[in-house]
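A.B. asks: One structure, pasted below without further comment.
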2 protein chains.
Amino acid sequence: MSELRFNMVTGEWVVIATERAARPDSYAKSGKRETPEASPCPFCPGCEKMTPPEVMAYADGLREPDSVGWHLRVVPNKYPAFTPEKGIETKEGMFPKMPARGFHEVIINSPDHWMSLGEMKPEEVERVLRAYKDRILYLRLFDFVKYIQIIVNYGREAGSSIEHAHSQLFAIPMIPSLVRRELTRSRDWKRKTGKCLFCELMREEEKGDRLLLTNQSFVSFLTFAPRYPFESWVLPRDHLSRFEEIEEGDLHLLADLLNRLLNAYFHAFLDPPYNLILHTSPCQRDTQDYYHWHLEILPRLNTWGGFEMASGMIITTALPEEGAEFLRGHL
Amino acid sequence: MSELRFNMVTGEWVVIATERAARPDSYAKSGKRETPEASPCPFCPGCEKMTPPEVMAYADGLREPDSVGWHLRVVPNKYPAFTPEKGIETKEGMFPKMPARGFHEVIINSPDHWMSLGEMKPEEVERVLRAYKDRILYLRLFDFVKYIQIIVNYGREAGSSIEHAHSQLFAIPMIPSLVRRELTRSRDWKRKTGKCLFCELMREEEKGDRLLLTNQSFVSFLTFAPRYPFESWVLPRDHLSRFEEIEEGDLHLLADLLNRLLNAYFHAFLDPPYNLILHTSPCQRDTQDYYHWHLEILPRLNTWGGFEMASGMIITTALPEEGAEFLRGHL
């Protein structure tokens, strides 16, 4: 019979519907390369004038802004969901609203149009992660920025509208609800047990059958109660609430592990669409005592239906323990 | 600039990203009829033996179970997410789990393979709604059933795997988190103001520019802070927490309104994929004082990306006030 599994971090029950279980290799689904793009790509070298002026770039030696010769470029989103101007608050009655104040940036991971994080060299992934760190260190200085959410949408089914592999950064004026939930649950756990929820979870997963890949500083595993089939998390062994305080050596080790992990997904599911999510501490709150930054990988291999939309409970058909064995075969 | 809107019922902020706003008619997307199905449809007349034995059916006059001649059929889901056997609870440490005990049924809305709720005659929609009521009245008698979630997945992008139009019922052993949230917020509102949150909301929406369609007993409008473009709700004017206690005359009026509303979506967005959701009171809790059943229509016209997955905040690009004007043009 199917089982209900409780996610200790999100506080949500999920349904593992074993009756409709399918073999892990039946999930393969390509996230890109369906059709070549007709028009020139605004993220490719030579098209720098098609984006808003860059706010940061990595290059070897001197280079004019918004010209070729970069390894990585950060630009404001051309159609931003958040913008820095102040605006006016108008919370009225049943319909409170306020300006979506913040920053919405695009991190162009590489000049290479097709280059995904799983196909890059580890040092290229390290460069992308360094950009995340640098942008957070800069943007957290704005007092109206309460949280910085960095994500990757890879493939159309993961919400991407531009094919050229990139990351997005949202610096927003509030702590979003899913992060608030993680904060509340981990703070309560700390109060109750005196321990970090994530450190505990990592210790348990490291001796279990959902483990994927580890190194000196990081541990990755498929989650016990996933939102999407083959959802995995990457946690630093060191208890650290802020990603941006990661040390240089660990940036290197994280890049290496993430690269190998995404490469395994690439081969196991034939280049699947996925979201990569960074969950880290809010900018202006001291959470070091109980929170623990981490990465989440959500392969978008199925579609949430009305039950998920209505209930908040996710039904998934892939057993994480089997999925881990399958993925390990591609590592 | 974009704006943040707060949903008083769900307690979530959403982002209306006007910078990337598109005209309402640019959202058109067909939910079905892409390819004819090769194999025989298990929900079509003559294929009754392909489903598990029916648990209810509506027909004129006498008829053998699992034979032709029905107007509507209810069968257990062949690959159920919930099943009634007892199972064993095993909440262990960081990984609590329990049996997914309950019922998972399919309501075959009509013998006609292609017949969606927006294309039916109103009396056929009434028959479907009556089946919802009858099944709830029966299944709520089981003491392990805490909530009954009825939904429609219409079209592949809305999570449907079988083309023949149908509804699904999940009788589950807990109150799901999104329903719990509505219950908590509406109970708090009642305590604070002495009024029903939904009655208030309906009163406000009825004089506003998001209104769609009303009749003697029901009000429908596009939501102020939607999760999907053109999300609409249908509320009964009478304060009633349980859908299954709807009166006969109101069943007729609801069917008529829902039919016309879905027909407007059908024409406005060229047969879009959507979820229809019924939110009603938990089975064993007296919520009449503060809760108010309602229908939610979620057109699946875009894809949630990593930001939504990471934050729980939805970014949508369609302004509900413009969307309502557009939809009213198709009513």
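Following the order of the structure tokens, first chain is A, next is B, and so on, with residues numbered from 1 inside each chain and ligands from 1 in the order they appear.
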So which bits of stretch 110-175 of chain A end up helix (DSSP H, G or I) when you DSSP the backbone, as a list in words?

C.D. replies: Pro122, Glu123, Glu124, Val125, Glu126, Arg127, Val128, Leu129, Arg130, Ala131, Tyr132, Lys133, Asp134, Arg135, Ile136, Leu137, Tyr138, Leu139, Arg156, Glu157 and Ala158 of chain A

A.B. asks: Between chain B and chain A, at 6 Å or less, what are the per-residue closest atom pairs and their distances in Å? Count only C-alpha atoms, order by chain and rising residue number, and return it as a tab-separated table.

C.D. replies:
residue	atom	partner	partner_atom	distance
B:Ser2	CA	A:Ala100	CA	5.2
B:Glu3	CA	A:Pro99	CA	4.5
B:Leu4	CA	A:Met98	CA	5.1
B:Arg5	CA	A:Lys97	CA	4.3
B:Phe6	CA	A:Pro96	CA	5.5
B:Ala17	CA	A:Ala81	CA	4.9
B:Glu19	CA	A:Tyr79	CA	5.3
B:Arg20	CA	A:Tyr79	CA	5.2
B:Tyr79	CA	A:Arg20	CA	5.2
B:Ala81	CA	A:Ala17	CA	4.9
B:Pro96	CA	A:Phe6	CA	5.5
B:Lys97	CA	A:Arg5	CA	4.3
B:Met98	CA	A:Leu4	CA	5.1
B:Pro99	CA	A:Glu3	CA	4.5
B:Ala100	CA	A:Glu3	CA	4.6
B:Ile151	CA	A:Gly306	CA	5.6
B:Asn153	CA	A:Gly306	CA	5.7
B:Ala158	CA	A:Gly305	CA	5.4
B:Gly159	CA	A:Gly305	CA	4.2
B:Pro176	CA	A:Ser311	CA	5.1
B:Ser177	CA	A:Gly312	CA	5.8
B:Leu178	CA	A:Ser311	CA	5.1
B:Asn275	CA	A:Gly306	CA	5.1
B:Thr303	CA	A:Gly159	CA	5.3
B:Trp304	CA	A:Gly159	CA	5.8
B:Gly305	CA	A:Gly159	CA	4.2
B:Gly306	CA	A:Asn275	CA	5.1
B:Ser311	CA	A:Leu178	CA	5.1
B:Gly312	CA	A:Leu178	CA	5.4

A.B. asks: Which residues, written as a PyMOL selection string, have at least one atom at most 6 Å from B:Phe221, with only C-alpha atoms counted and residues fewer than 6 positions away on the same chain left out?

C.D. replies: chain B and resi 210-212+232-233

A.B. asks: Could you write out the selected residues, including C-alpha atoms, as a short mmCIF file (atom, residue, chain, number, x, y, z; two decimals), in the first residue's frame?

C.D. replies:
data_model
loop_
_atom_site.label_atom_id
_atom_site.label_comp_id
_atom_site.auth_asym_id
_atom_site.auth_seq_id
_atom_site.Cartn_x
_atom_site.Cartn_y
_atom_site.Cartn_z
CA ARG B 210 -12.71 41.25 -10.71
CA LEU B 211 -16.32 40.04 -10.69
CA LEU B 212 -17.24 37.43 -13.31
CA SER B 232 -11.21 32.23 -10.14
CA TRP B 233 -13.32 31.23 -7.16
#

A.B. asks: Could you please write out, as a ChimeraX atom specification, every residue of stretch 227-312 of chain A that DSSP assigns to strand (DSSP E or B)?

C.D. replies: /A:232-236,274-279,294-299

A.B. asks: Need the shell around A:Ala255: protein/DNA/RNA residues with any atom at most 8 Å away, counting only C-alpha atoms. Skip same-chain ones fewer than 6 positions apart. Format as a list of chain:residue names?

C.D. replies: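 Neighbouring residues, sequence-local ones excluded: A:Pro122, A:Glu123, A:Val125, A:Glu126, A:Leu129.
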
A.B. asks: Could you dump the residues just selected with all heavy atoms as an mmCIF file, in the first residue's frame?

C.D. replies:
data_model
loop_
_atom_site.group_PDB
_atom_site.id
_atom_site.type_symbol
_atom_site.label_atom_id
_atom_site.label_comp_id
_atom_site.auth_asym_id
_atom_site.auth_seq_id
_atom_site.Cartn_x
_atom_site.Cartn_y
_atom_site.Cartn_z
ATOM 1 N N PRO A 122 34.469 21.366 -13.419
ATOM 2 C CA PRO A 122 34.230 21.770 -12.021
ATOM 3 C C PRO A 122 34.634 23.221 -11.748
ATOM 4 O O PRO A 122 33.942 23.927 -11.016
ATOM 5 C CB PRO A 122 35.105 20.800 -11.216
ATOM 6 C CG PRO A 122 35.297 19.615 -12.093
ATOM 7 C CD PRO A 122 35.232 20.110 -13.513
ATOM 8 N N GLU A 123 35.728 23.682 -12.365
ATOM 9 C CA GLU A 123 36.162 25.065 -12.083
ATOM 10 C C GLU A 123 35.177 26.092 -12.650
ATOM 11 O O GLU A 123 35.088 27.216 -12.149
ATOM 12 C CB GLU A 123 37.593 25.330 -12.583
ATOM 13 C CG GLU A 123 37.841 25.034 -14.044
ATOM 14 C CD GLU A 123 38.358 23.605 -14.293
ATOM 15 O OE1 GLU A 123 37.977 22.681 -13.510
ATOM 16 O OE2 GLU A 123 39.115 23.410 -15.260
ATOM 17 N N VAL A 125 31.868 25.528 -12.669
ATOM 18 C CA VAL A 125 30.792 25.517 -11.667
ATOM 19 C C VAL A 125 31.219 26.361 -10.460
ATOM 20 O O VAL A 125 30.418 27.116 -9.911
ATOM 21 C CB VAL A 125 30.466 24.069 -11.222
ATOM 22 C CG1 VAL A 125 29.402 24.072 -10.133
ATOM 23 C CG2 VAL A 125 30.004 23.242 -12.411
ATOM 24 N N GLU A 126 32.492 26.243 -10.092
ATOM 25 C CA GLU A 126 33.006 27.021 -8.962
ATOM 26 C C GLU A 126 32.836 28.520 -9.230
ATOM 27 O O GLU A 126 32.488 29.294 -8.335
ATOM 28 C CB GLU A 126 34.490 26.685 -8.742
ATOM 29 C CG GLU A 126 35.047 27.248 -7.460
ATOM 30 C CD GLU A 126 36.506 26.811 -7.234
ATOM 31 O OE1 GLU A 126 36.926 25.781 -7.811
ATOM 32 O OE2 GLU A 126 37.210 27.517 -6.497
ATOM 33 N N LEU A 129 29.240 29.463 -8.553
ATOM 34 C CA LEU A 129 28.963 29.522 -7.113
ATOM 35 C C LEU A 129 29.613 30.758 -6.482
ATOM 36 O O LEU A 129 29.052 31.373 -5.577
ATOM 37 C CB LEU A 129 29.471 28.245 -6.426
ATOM 38 C CG LEU A 129 28.763 26.952 -6.862
ATOM 39 C CD1 LEU A 129 29.459 25.741 -6.253
ATOM 40 C CD2 LEU A 129 27.287 26.969 -6.449
#

A.B. asks: Give me the residues within 8 Å of A:Asp134 as a list in words, counting only C-alpha atoms and dropping any in the same chain fewer than 4 places off.

C.D. replies: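 The neighbour list is Arg130, Tyr138 and Glu244 of chain A.
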
A.B. asks: Keeping N, CA and C atoms, export the residues of the selection given above as an mmCIF file, in the first residue's frame.

C.D. replies:
data_model
loop_
_atom_site.group_PDB
_atom_site.id
_atom_site.type_symbol
_atom_site.label_atom_id
_atom_site.label_comp_id
_atom_site.auth_asym_id
_atom_site.auth_seq_id
_atom_site.Cartn_x
_atom_site.Cartn_y
_atom_site.Cartn_z
ATOM 1 N N ARG A 130 30.797 31.119 -6.995
ATOM 2 C CA ARG A 130 31.462 32.324 -6.480
ATOM 3 C C ARG A 130 30.637 33.577 -6.799
ATOM 4 N N TYR A 138 27.138 41.571 -1.726
ATOM 5 C CA TYR A 138 26.846 42.951 -2.111
ATOM 6 C C TYR A 138 25.395 43.334 -1.798
ATOM 7 N N GLU A 244 26.925 32.600 1.965
ATOM 8 C CA GLU A 244 27.941 33.568 1.543
ATOM 9 C C GLU A 244 29.177 33.561 2.432
#
